[in-house]
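Content type CSV, C-alpha atoms and all ligand atoms, from the file my_file-v4.csv:
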```csv
chain,number,residue,atom,x,y,z
J,51,MET,CA,-52.2,24.0,112.6
J,52,ASN,CA,-54.0,25.4,109.5
J,53,LYS,CA,-56.5,22.6,109.1
J,54,TYR,CA,-57.3,21.9,112.8
J,55,ASN,CA,-57.4,25.5,114.0
J,56,ASP,CA,-59.6,24.7,116.9
J,57,TYR,CA,-57.2,22.0,118.3
J,58,LYS,CA,-54.5,22.8,120.8
J,59,LEU,CA,-51.3,21.2,119.6
J,60,ILE,CA,-48.6,20.4,122.2
J,61,ASN,CA,-45.3,19.7,120.7
J,62,TYR,CA,-43.2,17.8,123.2
J,63,ASP,CA,-39.6,17.3,121.9
J,64,LYS,CA,-36.2,16.8,123.5
J,65,LEU,CA,-34.4,18.9,120.8
J,66,THR,CA,-31.6,16.4,120.2
J,67,TYR,CA,-29.2,17.2,117.4
J,68,ALA,CA,-32.0,16.3,115.1
J,69,GLY,CA,-34.5,18.8,116.5
J,70,ASN,CA,-34.4,22.3,115.2
J,71,ILE,CA,-36.7,24.9,116.7
J,72,GLN,CA,-36.2,27.2,113.7
J,73,ASN,CA,-38.2,24.8,111.7
J,74,LEU,CA,-41.3,25.8,113.7
J,75,ALA,CA,-40.9,29.5,113.4
J,76,THR,CA,-44.1,29.8,111.3
J,77,VAL,CA,-46.3,28.3,114.0
J,78,GLU,CA,-44.5,29.6,117.1
J,79,ASP,CA,-46.9,32.5,117.7
J,80,ASN,CA,-50.1,30.6,117.1
J,81,GLU,CA,-52.1,30.7,120.3
J,82,ASN,CA,-53.1,27.1,119.9
J,83,TYR,CA,-49.5,25.9,119.7
J,84,VAL,CA,-47.4,25.0,122.7
J,85,PHE,CA,-43.8,23.8,122.6
J,86,ILE,CA,-42.4,21.9,125.5
J,87,LYS,CA,-38.8,20.8,125.6
J,88,GLY,CA,-39.0,17.4,127.1
J,89,ASP,CA,-37.9,13.8,126.9
J,90,ILE,CA,-40.3,10.9,126.3
J,91,CYS,CA,-38.2,8.8,128.8
J,92,ASP,CA,-39.0,11.4,131.6
J,93,SER,CA,-42.0,9.9,133.2
J,94,LYS,CA,-42.4,12.8,135.7
J,95,GLN,CA,-42.3,15.5,133.1
J,96,LEU,CA,-44.8,13.5,130.9
J,97,LYS,CA,-47.1,13.2,133.8
J,98,ASN,CA,-47.0,17.0,134.4
J,99,VAL,CA,-47.7,17.7,130.8
J,100,PHE,CA,-50.6,15.3,130.6
J,101,GLU,CA,-52.0,16.7,133.8
J,102,GLU,CA,-51.6,20.3,132.7
J,103,PHE,CA,-53.0,19.9,129.2
J,104,ASN,CA,-55.2,16.9,129.4
J,105,PRO,CA,-54.6,15.8,125.8
J,106,GLU,CA,-57.1,13.6,123.9
J,107,PHE,CA,-54.6,12.1,121.4
J,108,VAL,CA,-50.9,11.4,121.2
J,109,VAL,CA,-48.9,10.9,118.1
J,110,ASN,CA,-45.4,9.7,118.8
J,111,PHE,CA,-42.8,10.7,116.2
J,112,ALA,CA,-39.9,11.0,118.8
J,113,ALA,CA,-37.0,8.7,118.0
J,114,GLU,CA,-33.4,8.3,117.3
J,115,THR,CA,-33.6,7.7,113.6
J,116,HIS,CA,-30.2,7.5,111.8
J,117,VAL,CA,-29.1,3.9,111.0
J,118,ASP,CA,-25.4,4.8,110.7
J,119,ARG,CA,-25.4,6.4,114.2
J,120,SER,CA,-27.2,3.3,115.6
J,121,ILE,CA,-24.4,1.1,114.3
J,122,LYS,CA,-21.7,3.3,116.0
J,123,ALA,CA,-23.6,3.7,119.4
J,124,THR,CA,-26.8,2.0,120.3
J,125,ASP,CA,-27.5,3.5,123.8
J,126,GLU,CA,-29.7,6.4,122.8
J,127,PHE,CA,-31.7,4.2,120.4
J,128,ILE,CA,-32.5,1.8,123.2
J,129,LYS,CA,-33.3,4.6,125.6
J,130,THR,CA,-35.6,6.7,123.3
J,131,ASN,CA,-37.0,4.2,120.9
J,132,ILE,CA,-37.7,1.4,123.4
J,133,GLU,CA,-37.7,2.8,126.9
J,134,GLY,CA,-39.2,6.2,125.8
J,135,THR,CA,-42.0,4.5,123.9
J,136,GLN,CA,-42.8,2.3,126.8
J,137,THR,CA,-42.8,5.3,129.2
J,138,LEU,CA,-45.1,7.3,126.9
J,139,LEU,CA,-47.5,4.4,126.3
J,140,GLU,CA,-47.8,3.8,130.1
J,141,LYS,CA,-48.6,7.5,130.7
J,142,ALA,CA,-51.1,7.5,127.8
J,143,ARG,CA,-52.8,4.6,129.4
J,144,GLU,CA,-52.9,6.1,132.9
J,145,HIS,CA,-54.4,9.3,131.4
J,146,GLU,CA,-56.9,7.4,129.3
J,147,ILE,CA,-55.7,9.0,126.1
J,148,LYS,CA,-58.4,8.3,123.4
J,149,LYS,CA,-55.7,7.1,120.9
J,150,LEU,CA,-52.0,6.8,120.7
J,151,VAL,CA,-50.6,6.7,117.1
J,152,HIS,CA,-47.1,5.5,117.0
J,153,ILE,CA,-44.8,6.2,114.0
J,154,SER,CA,-42.8,3.1,113.2
J,155,THR,CA,-40.9,2.2,110.0
J,156,ASP,CA,-40.7,-0.2,107.1
J,157,GLU,CA,-37.3,-1.2,108.4
J,158,VAL,CA,-38.9,-3.4,111.1
J,159,TYR,CA,-39.6,-6.1,108.4
J,160,GLY,CA,-35.9,-6.3,107.4
J,161,ALA,CA,-34.9,-6.7,103.7
J,162,VAL,CA,-37.9,-7.4,101.5
J,163,GLY,CA,-38.3,-7.3,97.7
J,164,PRO,CA,-38.1,-6.0,95.1
J,165,SER,CA,-39.9,-9.0,93.6
J,166,GLN,CA,-42.2,-9.4,96.6
J,167,GLN,CA,-43.9,-7.1,99.2
J,168,VAL,CA,-44.7,-7.6,102.8
J,169,ASP,CA,-48.0,-6.6,104.4
J,170,GLU,CA,-48.8,-5.7,108.0
J,171,THR,CA,-48.9,-9.4,109.0
J,172,GLY,CA,-45.3,-9.9,107.9
J,173,GLN,CA,-42.7,-11.2,110.3
J,174,LEU,CA,-40.6,-8.5,112.0
J,175,ALA,CA,-36.9,-9.3,111.1
J,176,PRO,CA,-34.9,-6.1,111.7
J,177,ASN,CA,-31.2,-6.1,110.6
J,178,ASN,CA,-29.7,-3.0,112.1
J,179,PRO,CA,-29.8,-1.6,115.7
J,180,TYR,CA,-32.1,1.3,114.7
J,181,ALA,CA,-34.6,-1.1,113.1
J,182,ALA,CA,-34.3,-3.5,116.0
J,183,SER,CA,-35.1,-0.7,118.5
J,184,LYS,CA,-38.2,0.3,116.4
J,185,ALA,CA,-39.3,-3.4,116.2
J,186,ALA,CA,-38.9,-3.7,119.9
J,187,ALA,CA,-41.2,-0.7,120.4
J,188,ASP,CA,-43.7,-2.2,118.0
J,189,MET,CA,-43.7,-5.4,120.2
J,190,LEU,CA,-44.3,-3.4,123.4
J,191,LEU,CA,-47.2,-1.5,121.7
J,192,ARG,CA,-48.7,-4.8,120.5
J,193,ALA,CA,-48.5,-6.1,124.0
J,194,ALA,CA,-50.3,-3.0,125.3
J,195,MET,CA,-53.0,-3.4,122.7
J,196,LYS,CA,-53.5,-7.1,123.6
J,197,THR,CA,-53.1,-7.0,127.3
J,198,TYR,CA,-54.8,-3.7,128.2
J,199,ARG,CA,-56.9,-3.2,125.1
J,200,GLN,CA,-55.1,0.2,124.9
J,201,PRO,CA,-56.3,2.2,121.9
J,202,ILE,CA,-53.2,2.3,119.7
J,203,ASN,CA,-52.4,2.4,116.0
J,204,ILE,CA,-49.0,1.8,114.4
J,205,VAL,CA,-48.0,3.4,111.1
J,206,ARG,CA,-45.0,1.9,109.2
J,207,SER,CA,-43.9,4.1,106.3
J,208,THR,CA,-41.1,4.0,103.8
J,209,ASN,CA,-38.4,6.6,103.5
J,210,ASN,CA,-39.7,10.1,103.7
J,211,TYR,CA,-38.3,13.1,101.8
J,212,GLY,CA,-39.1,16.8,101.6
J,213,PRO,CA,-38.2,20.2,103.1
J,214,TYR,CA,-36.5,20.6,106.5
J,215,GLN,CA,-35.0,17.1,106.5
J,216,PHE,CA,-31.8,16.9,108.5
J,217,PRO,CA,-28.9,16.6,105.9
J,218,GLU,CA,-27.6,13.3,107.3
J,219,LYS,CA,-30.5,11.7,105.5
J,220,PHE,CA,-29.8,10.6,101.9
J,221,ILE,CA,-31.7,13.1,99.7
J,222,PRO,CA,-30.7,16.3,101.6
J,223,LEU,CA,-27.1,14.9,101.9
J,224,VAL,CA,-26.8,14.5,98.1
J,225,ILE,CA,-28.3,18.0,97.5
J,226,SER,CA,-26.1,19.6,100.2
J,227,ASN,CA,-22.9,17.9,99.0
J,228,ALA,CA,-23.6,18.8,95.4
J,229,MET,CA,-24.3,22.4,96.4
J,230,HIS,CA,-21.0,22.6,98.2
J,231,HIS,CA,-19.0,20.7,95.5
J,232,LYS,CA,-18.4,17.8,97.8
J,233,LYS,CA,-18.2,14.1,97.0
J,234,ILE,CA,-21.5,12.2,97.4
J,235,PRO,CA,-20.9,8.9,99.2
J,236,ILE,CA,-22.8,5.9,97.9
J,237,TYR,CA,-22.7,2.7,99.8
J,238,GLY,CA,-21.5,-0.5,98.0
J,239,SER,CA,-22.7,-0.8,94.5
J,240,GLY,CA,-25.4,1.8,94.9
J,241,LYS,CA,-28.0,-0.8,93.8
J,242,ASN,CA,-29.8,-0.9,97.1
J,243,MET,CA,-33.4,0.3,96.6
J,244,ARG,CA,-35.7,2.5,98.6
J,245,ASP,CA,-39.4,3.5,98.1
J,246,TRP,CA,-39.7,7.3,98.6
J,247,LEU,CA,-42.7,9.0,100.2
J,248,TYR,CA,-43.2,12.7,100.2
J,249,VAL,CA,-43.5,13.9,103.8
J,250,LEU,CA,-46.9,15.6,103.3
J,251,ASP,CA,-48.3,12.3,101.8
J,252,ASN,CA,-47.1,10.6,105.0
J,253,CYS,CA,-48.7,13.3,107.1
J,254,ARG,CA,-52.1,12.7,105.4
J,255,ALA,CA,-51.7,9.0,106.0
J,256,ILE,CA,-51.1,9.6,109.7
J,257,GLU,CA,-54.0,12.0,109.9
J,258,LEU,CA,-56.4,9.4,108.4
J,259,VAL,CA,-55.1,6.8,110.9
J,260,LEU,CA,-55.6,9.2,113.8
J,261,ASN,CA,-59.1,10.2,112.7
J,262,ASN,CA,-60.6,7.0,111.2
J,263,ALA,CA,-58.6,3.8,112.0
J,264,SER,CA,-60.0,1.3,114.5
J,265,PRO,CA,-57.8,0.8,117.5
J,266,GLY,CA,-55.3,-2.0,117.3
J,267,GLU,CA,-54.7,-1.7,113.5
J,268,ILE,CA,-51.3,-1.4,111.9
J,269,TYR,CA,-50.8,0.3,108.5
J,270,ASN,CA,-48.0,0.3,106.0
J,271,VAL,CA,-47.6,3.4,104.0
J,272,SER,CA,-45.7,3.2,100.7
J,273,THR,CA,-45.8,4.5,97.1
J,274,ASN,CA,-44.5,1.5,95.2
J,275,ASN,CA,-41.9,3.8,93.7
J,276,LEU,CA,-38.6,1.8,94.2
J,277,ILE,CA,-35.4,3.5,93.0
J,278,SER,CA,-31.8,2.6,93.5
J,279,ASN,CA,-29.6,4.9,95.6
J,280,LEU,CA,-27.3,5.4,92.6
J,281,ASP,CA,-30.2,6.3,90.2
J,282,LEU,CA,-31.6,8.7,92.8
J,283,ALA,CA,-28.3,10.5,93.2
J,284,LYS,CA,-28.0,10.8,89.4
J,285,GLN,CA,-31.6,12.2,89.2
J,286,ILE,CA,-30.8,14.8,91.8
J,287,LEU,CA,-27.5,15.8,90.1
J,288,ALA,CA,-29.4,16.1,86.8
J,289,ILE,CA,-32.0,18.4,88.4
J,290,MET,CA,-29.2,20.5,89.8
J,291,GLU,CA,-27.3,20.4,86.5
J,292,LYS,CA,-24.2,19.0,88.3
J,293,PRO,CA,-21.8,16.3,86.9
J,294,GLU,CA,-22.0,12.7,88.0
J,295,LYS,CA,-18.3,12.8,88.9
J,296,TYR,CA,-19.4,13.9,92.4
J,297,ILE,CA,-20.5,10.4,93.1
J,298,GLU,CA,-18.1,8.3,95.1
J,299,PHE,CA,-18.6,4.6,96.0
J,300,VAL,CA,-17.7,3.9,99.6
J,301,GLU,CA,-17.6,0.7,101.7
J,302,ASP,CA,-21.1,-0.7,102.2
J,303,ARG,CA,-22.9,-0.2,105.4
J,304,PRO,CA,-22.9,-3.3,107.6
J,305,GLY,CA,-26.3,-5.1,107.7
J,306,HIS,CA,-27.4,-2.9,104.7
J,307,ASP,CA,-30.8,-4.1,103.7
J,308,PHE,CA,-31.1,-4.3,99.9
J,309,CYS,CA,-34.7,-3.2,99.6
J,310,TYR,CA,-37.8,-2.4,101.6
J,311,ALA,CA,-40.9,-3.3,99.6
J,312,ILE,CA,-44.0,-2.9,101.7
J,313,ASP,CA,-47.6,-3.4,100.6
J,314,SER,CA,-49.9,-0.5,101.5
J,315,THR,CA,-53.1,-2.0,100.1
J,316,LYS,CA,-54.7,-1.9,103.6
J,317,ILE,CA,-54.5,1.9,104.2
J,318,ARG,CA,-55.5,2.5,100.6
J,319,LYS,CA,-58.6,0.2,100.8
J,320,GLU,CA,-59.7,0.8,104.4
J,321,LEU,CA,-58.9,4.5,104.8
J,322,GLY,CA,-58.8,5.7,101.2
J,323,TRP,CA,-55.2,6.9,101.3
J,324,GLN,CA,-53.1,7.4,98.2
J,325,PRO,CA,-50.0,9.4,97.6
J,326,ASN,CA,-50.7,12.8,95.9
J,327,ILE,CA,-47.2,13.9,95.0
J,328,ASP,CA,-45.6,12.3,92.0
J,329,PHE,CA,-42.0,11.4,92.9
J,330,LYS,CA,-40.4,13.4,90.0
J,331,ILE,CA,-42.3,16.5,91.0
J,332,GLY,CA,-41.7,16.0,94.7
J,333,LEU,CA,-38.0,15.6,94.2
J,334,GLN,CA,-37.8,18.7,92.0
J,335,GLN,CA,-39.6,20.7,94.6
J,336,THR,CA,-37.4,19.3,97.4
J,337,VAL,CA,-34.2,20.2,95.5
J,338,GLN,CA,-35.6,23.7,94.9
J,339,TRP,CA,-36.5,24.1,98.6
J,340,TYR,CA,-32.9,23.4,99.6
J,341,LEU,CA,-31.5,25.7,96.9
J,342,ASN,CA,-33.8,28.4,98.3
J,343,HIS,CA,-32.9,27.7,101.9
J,344,GLU,CA,-29.1,27.8,101.7
J,345,GLU,CA,-28.8,29.7,105.0
J,346,TRP,CA,-31.0,27.0,106.8
J,347,LEU,CA,-28.8,24.3,105.3
J,348,ASP,CA,-25.6,26.1,106.4
J,349,ASP,CA,-26.9,26.6,109.9
J,350,VAL,CA,-27.7,22.9,110.2
J,351,SER,CA,-24.5,21.7,108.5
J,352,THR,CA,-22.2,23.8,110.6
J,353,GLY,CA,-24.1,23.2,113.9
J,354,LYS,CA,-25.0,26.9,114.2
J,355,TYR,CA,-28.6,25.9,114.7
J,356,LEU,CA,-27.6,24.4,118.1
J,357,ASP,CA,-27.1,28.0,119.4
J,358,ASN,CA,-30.9,28.1,119.5
J,359,LEU,CA,-30.9,25.6,122.3
J,360,GLU,CA,-29.8,28.2,124.7
J,361,LYS,CA,-32.6,30.5,123.6
J,362,VAL,CA,-35.0,27.6,124.0
J,363,LYS,CA,-33.9,26.9,127.5
J,364,GLN,CA,-34.8,30.5,128.6
J,365,GLN,CA,-37.9,30.6,126.5
J,366,TYR,CA,-39.4,27.3,127.5
J,367,PRO,CA,-39.0,26.6,131.2
J,368,GLU,CA,-39.6,23.0,132.4
J,369,VAL,CA,-43.3,22.2,133.0
J,401,LIG,N1,-37.4,9.9,108.1
J,401,LIG,C1,-37.9,8.8,107.5
J,401,LIG,O1,-37.6,8.5,106.4
J,401,LIG,C2,-38.7,7.8,108.4
J,401,LIG,C3,-39.3,6.7,107.7
J,401,LIG,C4,-40.1,5.9,108.5
J,401,LIG,C5,-40.3,6.1,109.8
J,401,LIG,N2,-39.7,7.2,110.4
J,401,LIG,C6,-40.0,7.5,111.8
J,401,LIG,O2,-40.6,8.7,111.9
J,401,LIG,C7,-40.3,9.4,113.1
J,401,LIG,C8,-39.7,10.8,112.8
J,401,LIG,O3,-38.6,10.6,112.0
J,401,LIG,P1,-37.7,11.8,111.5
J,401,LIG,O4,-37.0,11.4,110.3
J,401,LIG,O5,-38.5,13.1,111.6
J,401,LIG,O6,-36.6,11.9,112.7
J,401,LIG,P2,-35.6,13.0,113.1
J,401,LIG,O7,-34.4,12.2,113.6
J,401,LIG,O8,-35.4,13.9,112.0
J,401,LIG,O9,-36.3,13.8,114.3
J,401,LIG,C9,-36.5,13.1,115.6
J,401,LIG,C10,-37.2,14.1,116.5
J,401,LIG,O10,-37.4,13.4,117.7
J,401,LIG,C11,-36.9,14.2,118.8
J,401,LIG,N3,-36.5,13.3,119.9
J,401,LIG,C12,-35.5,12.4,119.9
J,401,LIG,N4,-35.4,11.8,121.1
J,401,LIG,C13,-36.4,12.3,121.9
J,401,LIG,C14,-36.8,12.0,123.2
J,401,LIG,N5,-36.2,11.1,124.0
J,401,LIG,N6,-37.9,12.7,123.7
J,401,LIG,C15,-38.5,13.6,122.9
J,401,LIG,N7,-38.1,13.9,121.6
J,401,LIG,C16,-37.1,13.2,121.1
J,401,LIG,C17,-35.7,15.0,118.2
J,401,LIG,O11,-35.4,16.1,119.0
J,401,LIG,C18,-36.3,15.3,116.8
J,401,LIG,O12,-37.1,16.5,116.8
J,401,LIG,C19,-39.4,8.4,113.8
J,401,LIG,O13,-40.1,7.7,114.8
J,401,LIG,C20,-38.8,7.5,112.7
J,401,LIG,O14,-38.5,6.3,113.2
J,401,LIG,C21,-38.9,8.1,109.7
```
Show how you would write the structure in this file as structure tokens.
Amino acid sequence: MNKYNDYKLINYDKLTYAGNIQNLATVEDNENYVFIKGDICDSKQLKNVFEEFNPEFVVNFAAETHVDRSIKATDEFIKTNIEGTQTLLEKAREHEIKKLVHISTDEVYGAVGPSQQVDETGQLAPNNPYAASKAAADMLLRAAMKTYRQPINIVRSTNNYGPYQFPEKFIPLVISNAMHHKKIPIYGSGKNMRDWLYVLDNCRAIELVLNNASPGEIYNVSTNNLISNLDLAKQILAIMEKPEKYIEFVEDRPGHDFCYAIDSTKIRKELGWQPNIDFKIGLQQTVQWYLNHEEWLDDVSTGKYLDNLEKVKQQYPEV
């Protein structure tokens, strides 16, 4: 909103349990910002929104994203991540959107590394229902690029971290549990590795793809900064000056990929992207953000933030 202050930004979001309208309080009053509570599976509502606002670009972040939830119940993942993506891409085509940028994930490649990396030509081999639903969406997008020459880019990033992340995700979960003197569950041996990307570095990557990438291109986004879950939990506890005894090993997640090592040479060379935020600094800032936003964390952890949904229903009538 700050950088593109002559753009009208339409935020179309279903506000599932993962969506929190409070996170947008700072932009809510901006005259170039419009919030619409809507579902990407709802073809009629999407049509109305496209007709009313006539957007030039679409960036699709909407998804069910938590692997553990996908293992327990897959329905919503199939609906939003596959059917929703297909519905959105069809509407984007009908309305001749100049470009659709779809946010995918490193998980579509399945377990890779740490001794090797996969680039954008790598085989899709997802190992959990979330990853499979994202890979299925990537296939539908690929088909639309090839069949209709639809202008689409796909961005596959590694794990994001930073402020406002829902505390079911690993980093805010560790911080939140340590703040509340609760055990920190670590799957299996804790040796599984992830490559962490500060959310604003990912935003800059998406911005570059939106502005400068040729249609049909796919980009991996990674920092080459692999760290085991156990070491990460220990680093967070050290920053918070909390004891390691909070760590509790629990039964491993079924289908738990050991590592996602993706090669991001393409976006670095073609679009000049590189991460700006050093992991140690980003992690420190993130921990500090959660410590400074205890009320936000409590609202989200206790479910109080869901009360806002009633307000939203009155404030944002259906388009
Ligand atoms: N978080 C990560 O580490 C990470 C890493 C790689 C890729 N991704 C991808 O980035 C995107 C955003 O991830 P996130 O972590 O912010 O997710 P999140 O779960 O925190 O938020 C998802 C958002 O999508 C909205 N949504 C869900 N279903 C919808 C629907 N049917 N219609 C409209 N809106 C809907 C929710 O209300 C919420 O605001 C996802 O596509 C995810 O697969 C995330």
If you take all atoms listed in the file and a cut-off of 9 Å, which residues of chain J touch ligand LIG 401 (chain J), and what are their nearest atom pairs and distances in Å to one decimal, in chain and number order, as JSON lines?
```
{"residue": "J:Tyr62", "atom": "CA", "partner": "J:LIG401", "partner_atom": "C15", "distance": 6.3}
{"residue": "J:Asp63", "atom": "CA", "partner": "J:LIG401", "partner_atom": "N7", "distance": 3.7}
{"residue": "J:Lys64", "atom": "CA", "partner": "J:LIG401", "partner_atom": "N7", "distance": 4.0}
{"residue": "J:Leu65", "atom": "CA", "partner": "J:LIG401", "partner_atom": "O11", "distance": 3.5}
{"residue": "J:Thr66", "atom": "CA", "partner": "J:LIG401", "partner_atom": "O11", "distance": 4.0}
{"residue": "J:Tyr67", "atom": "CA", "partner": "J:LIG401", "partner_atom": "O11", "distance": 6.5}
{"residue": "J:Ala68", "atom": "CA", "partner": "J:LIG401", "partner_atom": "C18", "distance": 4.7}
{"residue": "J:Gly69", "atom": "CA", "partner": "J:LIG401", "partner_atom": "O12", "distance": 3.5}
{"residue": "J:Asn70", "atom": "CA", "partner": "J:LIG401", "partner_atom": "O12", "distance": 6.6}
{"residue": "J:Ile71", "atom": "CA", "partner": "J:LIG401", "partner_atom": "O12", "distance": 8.4}
{"residue": "J:Lys87", "atom": "CA", "partner": "J:LIG401", "partner_atom": "C15", "distance": 7.7}
{"residue": "J:Gly88", "atom": "CA", "partner": "J:LIG401", "partner_atom": "C15", "distance": 5.7}
{"residue": "J:Asp89", "atom": "CA", "partner": "J:LIG401", "partner_atom": "N6", "distance": 3.4}
{"residue": "J:Ile90", "atom": "CA", "partner": "J:LIG401", "partner_atom": "N6", "distance": 4.0}
{"residue": "J:Cys91", "atom": "CA", "partner": "J:LIG401", "partner_atom": "N5", "distance": 5.7}
{"residue": "J:Asp92", "atom": "CA", "partner": "J:LIG401", "partner_atom": "N6", "distance": 8.1}
{"residue": "J:Asn110", "atom": "CA", "partner": "J:LIG401", "partner_atom": "O13", "distance": 6.9}
{"residue": "J:Phe111", "atom": "CA", "partner": "J:LIG401", "partner_atom": "C7", "distance": 4.2}
{"residue": "J:Ala112", "atom": "CA", "partner": "J:LIG401", "partner_atom": "O10", "distance": 3.6}
{"residue": "J:Ala113", "atom": "CA", "partner": "J:LIG401", "partner_atom": "C12", "distance": 4.4}
{"residue": "J:Glu114", "atom": "CA", "partner": "J:LIG401", "partner_atom": "C12", "distance": 5.3}
{"residue": "J:Thr115", "atom": "CA", "partner": "J:LIG401", "partner_atom": "O7", "distance": 4.6}
{"residue": "J:His116", "atom": "CA", "partner": "J:LIG401", "partner_atom": "O7", "distance": 6.6}
{"residue": "J:Glu126", "atom": "CA", "partner": "J:LIG401", "partner_atom": "N4", "distance": 8.0}
{"residue": "J:Phe127", "atom": "CA", "partner": "J:LIG401", "partner_atom": "N4", "distance": 8.5}
{"residue": "J:Lys129", "atom": "CA", "partner": "J:LIG401", "partner_atom": "N5", "distance": 7.3}
{"residue": "J:Thr130", "atom": "CA", "partner": "J:LIG401", "partner_atom": "N5", "distance": 4.5}
{"residue": "J:Asn131", "atom": "CA", "partner": "J:LIG401", "partner_atom": "N5", "distance": 7.6}
{"residue": "J:Glu133", "atom": "CA", "partner": "J:LIG401", "partner_atom": "N5", "distance": 8.9}
{"residue": "J:Gly134", "atom": "CA", "partner": "J:LIG401", "partner_atom": "N5", "distance": 6.0}
{"residue": "J:Thr135", "atom": "CA", "partner": "J:LIG401", "partner_atom": "N5", "distance": 8.8}
{"residue": "J:His152", "atom": "CA", "partner": "J:LIG401", "partner_atom": "O13", "distance": 7.7}
{"residue": "J:Ile153", "atom": "CA", "partner": "J:LIG401", "partner_atom": "O13", "distance": 5.0}
{"residue": "J:Ser154", "atom": "CA", "partner": "J:LIG401", "partner_atom": "C5", "distance": 5.2}
{"residue": "J:Thr155", "atom": "CA", "partner": "J:LIG401", "partner_atom": "C5", "distance": 4.0}
{"residue": "J:Asp156", "atom": "CA", "partner": "J:LIG401", "partner_atom": "C4", "distance": 6.3}
{"residue": "J:Glu157", "atom": "CA", "partner": "J:LIG401", "partner_atom": "C4", "distance": 7.6}
{"residue": "J:Tyr180", "atom": "CA", "partner": "J:LIG401", "partner_atom": "O14", "distance": 8.3}
{"residue": "J:Ala181", "atom": "CA", "partner": "J:LIG401", "partner_atom": "O14", "distance": 8.4}
{"residue": "J:Lys184", "atom": "CA", "partner": "J:LIG401", "partner_atom": "O14", "distance": 6.8}
{"residue": "J:Val205", "atom": "CA", "partner": "J:LIG401", "partner_atom": "C5", "distance": 8.3}
{"residue": "J:Arg206", "atom": "CA", "partner": "J:LIG401", "partner_atom": "C5", "distance": 6.3}
{"residue": "J:Ser207", "atom": "CA", "partner": "J:LIG401", "partner_atom": "C4", "distance": 4.7}
{"residue": "J:Thr208", "atom": "CA", "partner": "J:LIG401", "partner_atom": "C3", "distance": 5.1}
{"residue": "J:Asn209", "atom": "CA", "partner": "J:LIG401", "partner_atom": "O1", "distance": 3.6}
{"residue": "J:Asn210", "atom": "CA", "partner": "J:LIG401", "partner_atom": "O1", "distance": 3.8}
{"residue": "J:Tyr211", "atom": "CA", "partner": "J:LIG401", "partner_atom": "O1", "distance": 6.5}
{"residue": "J:Tyr214", "atom": "CA", "partner": "J:LIG401", "partner_atom": "O8", "distance": 8.7}
{"residue": "J:Gln215", "atom": "CA", "partner": "J:LIG401", "partner_atom": "O8", "distance": 6.4}
{"residue": "J:Phe216", "atom": "CA", "partner": "J:LIG401", "partner_atom": "O8", "distance": 5.8}
{"residue": "J:Lys219", "atom": "CA", "partner": "J:LIG401", "partner_atom": "N1", "distance": 7.6}
{"residue": "J:Trp246", "atom": "CA", "partner": "J:LIG401", "partner_atom": "O1", "distance": 8.2}
{"residue": "J:Leu247", "atom": "CA", "partner": "J:LIG401", "partner_atom": "O1", "distance": 8.0}
{"residue": "J:Val249", "atom": "CA", "partner": "J:LIG401", "partner_atom": "O1", "distance": 8.4}
```
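Nearest to Ile204 (chain J) of all the residues J:Ile317, J:Asp251, J:Lys122, J:Ile225 is J:Ile317, counting only C-alpha atoms.
Across the structure, CA of Asp188 (chain J) and CA of Thr137 (chain J) are spaced 13.5 Å apart.
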Can you tell me, as an MDAnalysis selection string, what residues are no more than 9 Å from Ser351 (chain J) when counting only C-alpha atoms, ignoring any on the same chain fewer than 3 positions away? chainID J and resid 216:217 226 346:348 354:355
Using all atoms listed in the file, which of J:Thr336, J:Asn55, J:Asn178, J:Asn274 sits nearest Ser165 (chain J)?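 Closest to Ser165 (chain J) of all the choices is J:Asn274.
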Point out the residue among J:Asn73, J:Asn61, J:Asn52, J:Gln173 with the least atom-to-atom distance to Val99 (chain J), counting all atoms listed in the file.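 Closest candidate: J:Asn61.
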What is the distance between CA of Glu106 (chain J) and CA of Met189 (chain J), in Å to one decimal?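 Value for the CA of Glu106 (chain J)-CA of Met189 (chain J) distance: 23.5 Å.
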Starting from the point (-40.9, 26.1, 122.3), work out which residues of protein, DNA or RNA have an atom no more than 8 Å away when counting all atoms listed in the file; state them as an MDAnalysis selection string. chainID J and resid 61 71 78 84:87 362 365:366
Could you please determine the separation between CA of Lys149 (chain J) and CA of Pro201 (chain J) in Å, to one decimal place? 5.0 Å
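Shortest atom-to-atom contact with Gly172 (chain J) among J:Ala311, J:Glu81, J:Arg244, J:Ser278: J:Ala311, counting all atoms listed in the file.
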Closest of J:Asn177, J:Asn82, J:Ser239, J:Asn275 to Lys330 (chain J) - atom-to-atom distances counting all atoms listed in the file: J:Asn275
Do you know which residues are at most 12 Å from Gln324 (chain J) counting only C-alpha atoms, after dropping those on the same chain fewer than 4 positions away, and could you put them as a short mmCIF file (atom, residue, chain, number, x, y, z; two decimals) with C-alpha atoms, keeping the file's coordinate frame?
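Done, and the output landed in selection07.cif:
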```cif
data_model
loop_
_atom_site.label_atom_id
_atom_site.label_comp_id
_atom_site.auth_asym_id
_atom_site.auth_seq_id
_atom_site.Cartn_x
_atom_site.Cartn_y
_atom_site.Cartn_z
CA LEU J 247 -42.70 9.00 100.20
CA TYR J 248 -43.20 12.70 100.20
CA LEU J 250 -46.90 15.60 103.30
CA ASP J 251 -48.30 12.30 101.80
CA ASN J 252 -47.10 10.60 105.00
CA CYS J 253 -48.70 13.30 107.10
CA ARG J 254 -52.10 12.70 105.40
CA ALA J 255 -51.70 9.00 106.00
CA ILE J 256 -51.10 9.60 109.70
CA LEU J 258 -56.40 9.40 108.40
CA ASN J 270 -48.00 0.30 106.00
CA VAL J 271 -47.60 3.40 104.00
CA SER J 272 -45.70 3.20 100.70
CA THR J 273 -45.80 4.50 97.10
CA ASN J 274 -44.50 1.50 95.20
CA SER J 314 -49.90 -0.50 101.50
CA THR J 315 -53.10 -2.00 100.10
CA LYS J 316 -54.70 -1.90 103.60
CA ILE J 317 -54.50 1.90 104.20
CA ARG J 318 -55.50 2.50 100.60
CA LYS J 319 -58.60 0.20 100.80
CA GLU J 320 -59.70 0.80 104.40
CA ASP J 328 -45.60 12.30 92.00
#
```
